Amino acid sequence: MRSPRVPAAGRRPVVGVWAGVALVALAWVAPGVARAEGPLSALEGDVDAIATRALPSVVTVFAQRPGESRARDGRTVVRTHTRVGSGVAVDANGVMTTASVVLGAQRIVVRTANGLEADAVIVGCDPIFNLALLRVPDLRLPTLDMASGRGPQLGDWVIAVGTTYGARPTQSVGNVAYVHREPRFALLQLTNTVVPGNSGAAALNTRGELVGIVQGDLGDAGSGTSGDAARASGFSFAIPLETVRPVYESFRREGRVRHGYLGVTTRQAQVASESESGASVPIGALIESVVSDGPAARAGLQRGDLIVGFEHDRVEYPEQLARWISASRPGSSVALVWVRDDLEKTGTVVLTESPDATPGWALGLGGPGDGSPPRITEIERQIQRLNQQLQLLKNQGGTTPH
Amino acid sequence: MNCAQVRGLFGAYWDDETTQGEREALEHHFAACTECRAEYEAFSRTLELVGSLPRAEAAPDLVERVLAGTRRATPEPDLVVSRRPGWVPLTAAAVAVLIGVATLAPWLRMSPRRNGSTSTPIASVETVREAVRVPHLATGGTPSGVNAASRTTPATTLASVSDSVFDHSDDVEFILDPVTVKRGRVRAYTPYTSGVEGQRASISF
């Protein structure tokens, strides 16, 4: 008599074989499933392809200058100070970077993604636009095409490719969060993450074309220029091509940018804030002196006038006005609004060319002021008086029972 | 005709490109040598088999795809051929000048021993050699400065930064310009403007 266990024992190996076959089949199919390329992985591949293609055109810029530092024994020693940033090849041996990387450098070395290093010379460097063009005679670099057509719009994707510590490449994807516009300037606010050394990096569109030069991140301007990981804000800024291209052309043509000149010396005017006690509100650029027969003098501007408007934009700080004037073309007409004797005046000023290649104010050549604000005290008093009256009215309104 | 010579003629015999004499010699050898006959049969069978295979056609867009792939290939940065005068041709030129001067000296009444003019061309070569070097940044005697080009390998590198820049032992600053946004107004960093900020500062433009 056959034991009933025999057939059962005989089936077991069969089941085991089928299970094994199923496992092998699963193992064969599973990687295929994992490899299946969805839209997201295809997108990632596209971004990687753009960055990989751009990388040979992105270089590390080492700008060296002698700097002083204090030794432990108190002596002052001269050391080589190196500023490191990124750069973008815009022609076969031309590299665009930011002025803040190379300004004042005595020697500049460029390092490519494939490890070549060569000396570079400054073709043009402009602290107003914070851009510089370098020439690397010993290198032939693959160039990045500049985007044509409309500039980056809100929401457009941006791929930032630069270099950081150890000249290693960095890559981030983001989009245009906001376009800051002011006279003669624009700045793209991006959601890309940038890291120290990225100043001068490439901002690319989804076609791999250059749309801007990375400048920096949202930080404290008073903290200096050195990048700091702790400062990471999640926002970055890039100088768009609409600013970069004319500056680049100007550098190529004549090695510099011609700056507009108004012919005034101004200082900041401010009044106490009505909403925040102890704080002050800047109200414009107060003219301390006017260069005789200069553009401002010819337009009728005088000492004591308070410039409050430039081309339909509000002027708050003298440095702001100086930037806009310096970034204007010599010979161009600009509409100014100023206040004299409590009256608003408007006029058009034809700018001349700045006598200095780089305006003195941009190099920190500001004076302490003459200490005798001509009419500002008068305006301040009037505004304070008005503020007090307004506060009184508010208080009365607040205590009046309904 | 030995076996090696016969085997060297297999291809020609298959294609019927042998002379009358070669053909007769081959066939005479085949009659006597079974090894060579078997070898030739294997040879001819292989060719027949290969010939009977279907012909693989290239994809119609193969050429276009190859060209597109070439266009997409990422170019690499490269060194350009140095346009600077190398020291070898300069030395050769200097030597030529030296020989010329030495040859003409008797006619020009210039005795090398008398006025020491032999040192002049050599000195000029040295001057040029110094000039074509990448200028060395004055570092106040600190050896941590950058290397001169003369210390690098010209084939791969024309300049170099010291390793201390990479390990951060040097005075190194990685740049990322701070941008401030205040009440919707962006205040982009410009180098060297810190001195002009503040209520009392006055600026000219």
# chains A, B, ... in the order shown; residues from 1 in each chain; ligands from 1
$ select_by_dssp --residues "region 16-178 of chain A" --states "strand (DSSP E or B)" --output "PyMOL selection string"
chain A and resi 58-70+76-91+94-97+107-111+117-126+131-135+139-140+146+157-164+168-178
$ residues_around --residues "region 3-6 of chain B" --least-positions-apart "3" --cutoff "7 Å" --atoms "only C-alpha atoms" --output "PyMOL selection string"
chain B and resi 9-10+26+36
$ residues_around --residues "region 143-149 of chain A" --least-positions-apart "5" --cutoff "7 Å" --atoms "only C-alpha atoms" --output "ChimeraX atom specification"
/A:54,57,89-92,209-211
$ closest_residue --among "A:Phe251, A:Tyr261, A:Phe310, A:Tyr317" --to "chain B" --atoms "only C-alpha atoms"
A:Tyr261
